[in-house]
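**Student:** work.cif is reproduced below (mmCIF, C-alpha atoms).
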```cif
data_work
#
loop_
_atom_site.label_atom_id
_atom_site.label_comp_id
_atom_site.auth_asym_id
_atom_site.auth_seq_id
_atom_site.Cartn_x
_atom_site.Cartn_y
_atom_site.Cartn_z
CA MET L 1 0.00 0.00 0.00
CA THR L 2 1.45 3.35 -0.99
CA GLN L 3 1.61 6.33 1.28
CA ARG L 4 -0.75 8.20 -1.05
CA THR L 5 -3.38 5.43 -0.81
CA LEU L 6 -3.07 5.32 2.96
CA ILE L 7 -3.54 9.10 3.26
CA SER L 8 -6.52 9.02 0.87
CA GLY L 9 -8.11 6.22 2.91
CA CYS L 10 -7.63 8.12 6.16
CA LEU L 11 -9.14 11.29 4.68
CA LEU L 12 -12.12 9.33 3.37
CA CYS L 13 -12.69 7.81 6.83
CA LEU L 14 -12.50 11.26 8.41
CA VAL L 15 -15.07 12.67 5.97
CA ILE L 16 -17.42 9.73 6.62
CA LEU L 17 -17.10 10.22 10.38
CA ILE L 18 -17.88 13.92 10.09
CA VAL L 19 -20.87 13.43 7.79
CA PHE L 20 -22.49 10.59 9.73
CA SER L 21 -21.67 11.62 13.27
CA GLY L 22 -24.65 13.98 13.49
CA PRO L 23 -24.70 17.49 14.88
CA VAL L 24 -21.83 18.59 17.05
CA ARG L 25 -23.07 19.37 20.53
CA ALA L 26 -20.71 21.43 22.63
CA GLY L 27 -23.06 21.64 25.56
CA GLU L 28 -26.17 20.04 26.95
CA PHE L 29 -28.28 20.73 29.98
CA GLU L 30 -31.73 19.89 31.29
CA SER L 31 -34.68 21.99 32.25
CA ARG L 32 -37.82 20.64 33.88
CA TYR L 33 -39.32 19.87 30.45
CA ALA L 34 -36.47 19.86 27.93
CA ALA L 35 -33.01 18.51 27.25
CA ILE L 36 -31.28 21.44 25.54
CA SER L 37 -28.19 21.14 23.35
CA TYR L 38 -26.14 23.85 21.62
CA THR L 39 -22.94 24.07 19.59
CA ASP L 40 -21.06 26.68 21.65
CA MET L 41 -21.60 29.24 24.40
CA GLY L 42 -21.83 32.08 21.88
CA VAL L 43 -24.80 30.37 20.23
CA LEU L 44 -26.50 29.85 23.59
CA ARG L 45 -25.83 33.47 24.58
CA GLU L 46 -27.31 34.75 21.30
CA PHE L 47 -30.37 32.54 21.71
CA ASN L 48 -30.84 33.82 25.27
CA ASN L 49 -30.51 37.45 24.15
CA GLU L 50 -33.03 36.91 21.34
CA LEU L 51 -35.44 35.25 23.78
CA TYR L 52 -36.41 38.56 25.36
CA MET L 53 -39.25 38.01 27.82
CA GLY L 54 -40.37 41.64 28.19
CA ARG L 55 -43.03 42.13 30.85
CA LEU L 56 -43.34 38.37 31.29
CA ALA L 57 -39.93 38.33 33.00
CA ALA L 58 -41.53 39.80 36.13
CA GLN L 59 -43.77 36.69 36.37
CA MET L 60 -40.87 34.24 36.27
CA ARG L 61 -40.17 32.68 39.66
CA ASN L 62 -36.55 31.73 39.07
CA ARG L 63 -34.25 33.34 36.52
CA GLY L 64 -31.13 31.31 37.32
CA ASP L 65 -27.56 32.28 38.12
CA THR L 66 -25.85 30.88 35.01
CA LEU L 67 -26.63 31.26 31.33
CA GLU L 68 -27.86 27.66 31.15
CA GLU L 69 -30.12 28.16 34.18
CA GLU L 70 -31.55 31.35 32.68
CA VAL L 71 -32.36 29.64 29.37
CA ALA L 72 -33.84 26.66 31.23
CA ALA L 73 -36.03 28.98 33.34
CA LYS L 74 -37.27 30.81 30.22
CA ILE L 75 -38.06 27.57 28.38
CA ASP L 76 -39.93 26.11 31.37
CA PHE L 77 -41.89 29.32 31.84
CA ILE L 78 -42.88 29.35 28.16
CA VAL L 79 -43.90 25.67 28.28
CA GLU L 80 -46.16 26.34 31.27
CA LYS L 81 -47.70 29.43 29.63
CA VAL L 82 -48.35 27.51 26.39
CA MET L 83 -49.99 24.64 28.30
CA THR L 84 -52.21 27.16 30.11
CA VAL L 85 -53.22 28.98 26.92
CA LEU L 86 -53.98 25.72 25.08
CA ASP L 87 -55.54 24.15 28.20
CA MET L 88 -53.47 21.04 27.48
CA TYR L 89 -51.37 19.49 30.20
CA PRO L 90 -49.56 16.42 28.87
CA ARG L 91 -47.90 14.52 31.72
CA PRO L 92 -45.12 13.76 31.82
CA LEU L 93 -43.88 16.21 29.20
CA LYS L 94 -40.26 15.81 28.16
CA PHE L 95 -38.77 16.83 24.82
CA SER L 96 -35.46 18.03 23.43
CA ILE L 97 -34.25 21.28 21.92
CA GLU L 98 -31.33 21.72 19.56
CA ILE L 99 -30.06 25.27 19.06
CA HIS L 100 -28.22 26.01 15.83
CA GLU L 101 -26.15 29.09 15.07
CA ASP L 102 -28.45 30.29 12.29
CA GLU L 103 -31.32 29.25 10.06
CA ASP L 104 -28.93 27.48 7.67
CA GLY L 105 -28.27 24.90 10.39
CA VAL L 106 -32.00 24.47 10.97
CA GLN L 107 -32.65 24.06 7.24
CA GLU L 108 -29.80 21.54 6.88
CA GLN L 109 -31.27 19.56 9.78
CA PHE L 110 -34.72 19.54 8.11
CA MET L 111 -33.10 18.36 4.85
CA GLN L 112 -31.30 15.58 6.74
CA LEU L 113 -34.49 14.41 8.45
CA TYR L 114 -37.06 14.84 5.68
CA ASN L 115 -35.07 15.32 2.45
CA VAL L 116 -37.02 18.51 1.72
CA ASP L 117 -35.54 21.95 1.11
CA VAL L 118 -37.27 24.57 3.31
CA ASP L 119 -36.66 28.12 4.50
CA TYR L 120 -37.64 27.51 8.14
CA ILE L 121 -36.07 29.38 11.05
CA ALA L 122 -37.30 26.70 13.48
CA PHE L 123 -39.32 23.48 13.40
CA TYR L 124 -40.62 20.66 15.56
CA SER L 125 -39.96 17.05 14.58
CA PRO L 126 -42.72 14.89 16.09
CA HIS L 127 -40.97 11.57 15.48
CA LYS L 128 -37.84 12.83 17.29
CA ASN L 129 -39.83 14.90 19.81
CA ARG L 130 -37.25 17.61 19.23
CA VAL L 131 -37.45 21.32 18.42
CA PHE L 132 -34.76 22.90 16.27
CA PHE L 133 -34.13 26.62 16.74
CA SER L 134 -31.75 29.08 15.14
CA ALA L 135 -30.07 31.25 17.76
CA ASP L 136 -30.49 34.39 15.70
CA ASN L 137 -34.27 33.83 15.48
CA GLY L 138 -34.99 32.75 19.06
CA MET L 139 -37.74 35.31 19.57
CA LEU L 140 -40.46 34.61 22.13
CA ARG L 141 -43.18 34.20 19.48
CA VAL L 142 -41.09 31.64 17.55
CA VAL L 143 -40.21 29.65 20.67
CA ALA L 144 -43.80 29.70 21.95
CA HIS L 145 -45.14 28.63 18.53
CA GLU L 146 -42.85 25.60 18.30
CA ILE L 147 -43.51 24.63 21.91
CA GLY L 148 -47.22 24.80 21.05
CA HIS L 149 -46.56 22.00 18.55
CA VAL L 150 -44.75 20.01 21.26
CA VAL L 151 -47.61 20.39 23.74
CA ALA L 152 -50.32 19.49 21.20
CA GLU L 153 -48.37 16.51 19.87
CA ASN L 154 -47.74 15.15 23.35
CA TYR L 155 -51.30 15.81 24.54
CA PHE L 156 -53.20 13.83 21.91
CA THR L 157 -53.00 10.05 21.57
CA VAL L 158 -53.33 10.40 17.80
CA SER L 159 -51.23 13.17 16.26
CA PRO L 160 -53.22 16.21 15.15
CA PRO L 161 -52.99 17.21 11.47
CA GLN L 162 -49.84 19.16 10.58
CA ARG L 163 -51.73 22.24 9.44
#
```
Just dump the structure as structure tokens.

**Tutor:**
Amino acid sequence: MTQRTLISGCLLCLVILIVFSGPVRAGEFESRYAAISYTDMGVLREFNNELYMGRLAAQMRNRGDTLEEEVAAKIDFIVEKVMTVLDMYPRPLKFSIEIHEDEDGVQEQFMQLYNVDVDYIAFYSPHKNRVFFSADNGMLRVVAHEIGHVVAENYFTVSPPQR
């Protein structure tokens, strides 16, 4: 075996590992309702900054001491508000959240899962019970909308229609 063939084989193995290893998760933490993963602290910080709670922040019991605790507190608060508005209380409710740097990451994830090209900034995958957000579009209305899908999907025995 020549050195060139050996190097080519190693590079091919590296590419295969990168492609099939799934999303890189630099950090993960748990809230009461969600397992949250993100690629780096900058992404989590941007998501947290985008997730501005406005006057609702005064209603939050615990805001947390760390960035992860603050995001977890916001997510749990939103989940509880969504359940109240929809009058749906699925028990136990547990789902996962994956935060991407931007909408390109979200769209690539949708393509990987469903082989469809979309222009989404966030989406909920019922069969994975996971929400995918882009950090730069983590506005309250987007997060609440996607969590609404989570609550409805987990509330009904038979999945409601997509639309």

**Student:** Starting from the displayed file, determine the output of the PyMOL selection byres ((chain L and resi 30) around 12) and express the residue list as a PyMOL selection string.

**Tutor:** chain L and resi 27-29+31-38+68-73+75-76+94-98

**Student:** Which residue, L:Gly105, L:Pro90, L:Gly54, L:Gly64, has the smallest gap to L:Thr39 when you use all atoms listed in the file?

**Tutor:**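 Residue with the minimum atom-to-atom distance to L:Thr39: L:Gly105.
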
**Student:** From the set L:Thr66, L:Gln162, L:Asn49, L:Asn137, which residue has the shortest atom-to-atom contact distance to L:Ser125, counting only C-alpha atoms?

**Tutor:**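 Smallest separation from L:Ser125 among the options: L:Gln162.
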
**Student:** Determine the residue set returned by the PyMOL selection byres ((chain L and resi 150) around 10) for the present structure, and present it as an NGL selection string.

**Tutor:** :L and (79 or 82-83 or 90 or 93-96 or 124-126 or 129-131 or 144-149 or 151-155)

**Student:** Evaluate the PyMOL selection byres ((chain L and resi 57) around 12) against this structure - the residues, as an mmCIF file with C-alpha atoms, keeping the file's coordinate frame, please.

**Tutor:**
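Written output follows (part09.cif):
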```cif
data_model
loop_
_atom_site.group_PDB
_atom_site.id
_atom_site.type_symbol
_atom_site.label_atom_id
_atom_site.label_comp_id
_atom_site.auth_asym_id
_atom_site.auth_seq_id
_atom_site.Cartn_x
_atom_site.Cartn_y
_atom_site.Cartn_z
ATOM 1 C CA LEU L 51 -35.440 35.250 23.780
ATOM 2 C CA TYR L 52 -36.410 38.560 25.360
ATOM 3 C CA MET L 53 -39.250 38.010 27.820
ATOM 4 C CA GLY L 54 -40.370 41.640 28.190
ATOM 5 C CA ARG L 55 -43.030 42.130 30.850
ATOM 6 C CA LEU L 56 -43.340 38.370 31.290
ATOM 7 C CA ALA L 58 -41.530 39.800 36.130
ATOM 8 C CA GLN L 59 -43.770 36.690 36.370
ATOM 9 C CA MET L 60 -40.870 34.240 36.270
ATOM 10 C CA ARG L 61 -40.170 32.680 39.660
ATOM 11 C CA ASN L 62 -36.550 31.730 39.070
ATOM 12 C CA ARG L 63 -34.250 33.340 36.520
ATOM 13 C CA GLU L 70 -31.550 31.350 32.680
ATOM 14 C CA ALA L 73 -36.030 28.980 33.340
ATOM 15 C CA LYS L 74 -37.270 30.810 30.220
ATOM 16 C CA ILE L 75 -38.060 27.570 28.380
ATOM 17 C CA PHE L 77 -41.890 29.320 31.840
ATOM 18 C CA ILE L 78 -42.880 29.350 28.160
ATOM 19 C CA LEU L 140 -40.460 34.610 22.130
#
```

**Student:** Tell me, in Å to one decimal, how far atom CA of L:Ala122 is from atom CA of L:Phe47.

**Tutor:** 12.2 Å

**Student:** Just the residues within 12 Å of L:Asp119, please, counting all atoms listed in the file, with nothing from its chain fewer than 3 positions along; format it as a PyMOL selection string.

**Tutor:** chain L and resi 102-111+116+122-123+134

**Student:** Find the residue from L:Lys128, L:Gln112, L:Tyr89, L:Glu101 that sits nearest to L:Leu44; use only C-alpha atoms when measuring.

**Tutor:**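 Closest to L:Leu44 of all the choices is L:Glu101.
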
**Student:** Calculate how many Å separate atom CA of L:Ala135 from atom CA of L:Val43, rounding to one decimal.

**Tutor:**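 The value is 5.9 Å.
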
**Student:** From the set L:Ile121, L:Val85, L:Pro160, L:Pro92, which residue has the shortest atom-to-atom contact distance to L:Gly138, counting all atoms listed in the file?

**Tutor:**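 Residue with the minimum atom-to-atom distance to L:Gly138: L:Ile121.
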
**Student:** What is the distance, in Å and to one decimal place, between atom CA of L:Glu50 and atom CA of L:Met139?

**Tutor:**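 For atom CA of L:Glu50 relative to atom CA of L:Met139, the distance reads 5.3 Å.
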